[in-house]
Amino acid sequence: MKINILRLTLLLCSMVALTAGISSCAYTQFNKQIVEKATVYNGFAVELPLSLYSCQGNWYVKVRKLEVQKIKPFVHDSIMLKDSSKEALGTLKPFSYYTEYQYIRISEGTAAVLQRADGYATLETLCDELKSNYAEGSLAELTDSMQHRVYAQIKTEQGNIAYVAPDGQPIRKPGAGIKVLSKAALVCVDVPGTVICNVCMPVMAPFIFFHDFLSDETSISNITH
């Protein structure tokens, strides 16, 4: 019994020592949350089902104009907390809607895939193309256009609507008071919070690993059954 306890103790100590050697990139960003709460960007919403149009030999997707804000997670860690790292740049949410629409140009190849019954696309990839084409291919209206039905299967990880900030330039910036509050949050919250995260993360690493492993196993089991 004593030998088993000794082995278990040595195993746990080894796991802690191993995870302690992993360079954690964890940090808290409460100061950034404060700044983004007071910042607004021009953007648009891409909604499913898609509205596809052709006009004068070009192809367009119809999107809704709106204003968006970025929501950042309190803790960011690109190694341990993968879901958090995906949101490090900010998850967009609508701030105010407009009734106006825009038509953003897409490539002929993308349009062809969208019209195929065996076509496949992801909403995120489509948003990337719309974002890159926004500056040179965005129109307020289309004249003599024709609407086409989208047959392709479109997979998405974020629901039937996605929000995009095409140029990333804020149209409403935080004032001086928000900037002072952000600096205070950096000193009083984020500096000690980051130290605590990096001290605790190596100890939490085994639990995070097993949680992610069991979650993946459950997902695979649900798919196979």
# chains A, B, ... in the order shown; residues from 1 in each chain; ligands from 1
$ select_by_dssp --residues "range 44-174 of chain A" --states "strand (DSSP E or B)" --output "MDAnalysis selection string"
chainID A and resid 44:47 52:55 58:71 75:76 91:106 120:122 138:139 146:148 153:155 161:164 170:172
$ residues_around --residues "Val150 in chain A" --least-positions-apart "4" --cutoff "7 Å" --atoms "only C-alpha atoms" --output "list in words"
Leu50, Leu52, Leu114 and Gln115 of chain A
$ residues_around --residues "Val35 in chain A" --least-positions-apart "5" --cutoff "7 Å" --atoms "only C-alpha atoms" --output "PyMOL selection string"
chain A and resi 174+178-179+182
$ closest_residue --among "A:Gln56, A:Ser138, A:Asn31, A:Gln69" --to "Ile171 in chain A" --atoms "only C-alpha atoms"
A:Gln69
$ closest_residue --among "A:Glu124, A:Asp118, A:Glu36, A:Asp77" --to "Thr156 in chain A" --atoms "only C-alpha atoms"
A:Glu124
$ residues_around --residues "Ile34 in chain A" --least-positions-apart "5" --cutoff "12 Å" --atoms "only C-alpha atoms" --output "list in words"
Gln29, Thr39, Gln69, Lys70, Ile71, Lys72, Pro73, Phe74, Lys173, Pro174, Gly175, Gly177, Ile178, Lys179, Val180, Leu181, Ser182, Lys183, Ala184, Ala185, Leu186, Val189 and Asp190 of chain A
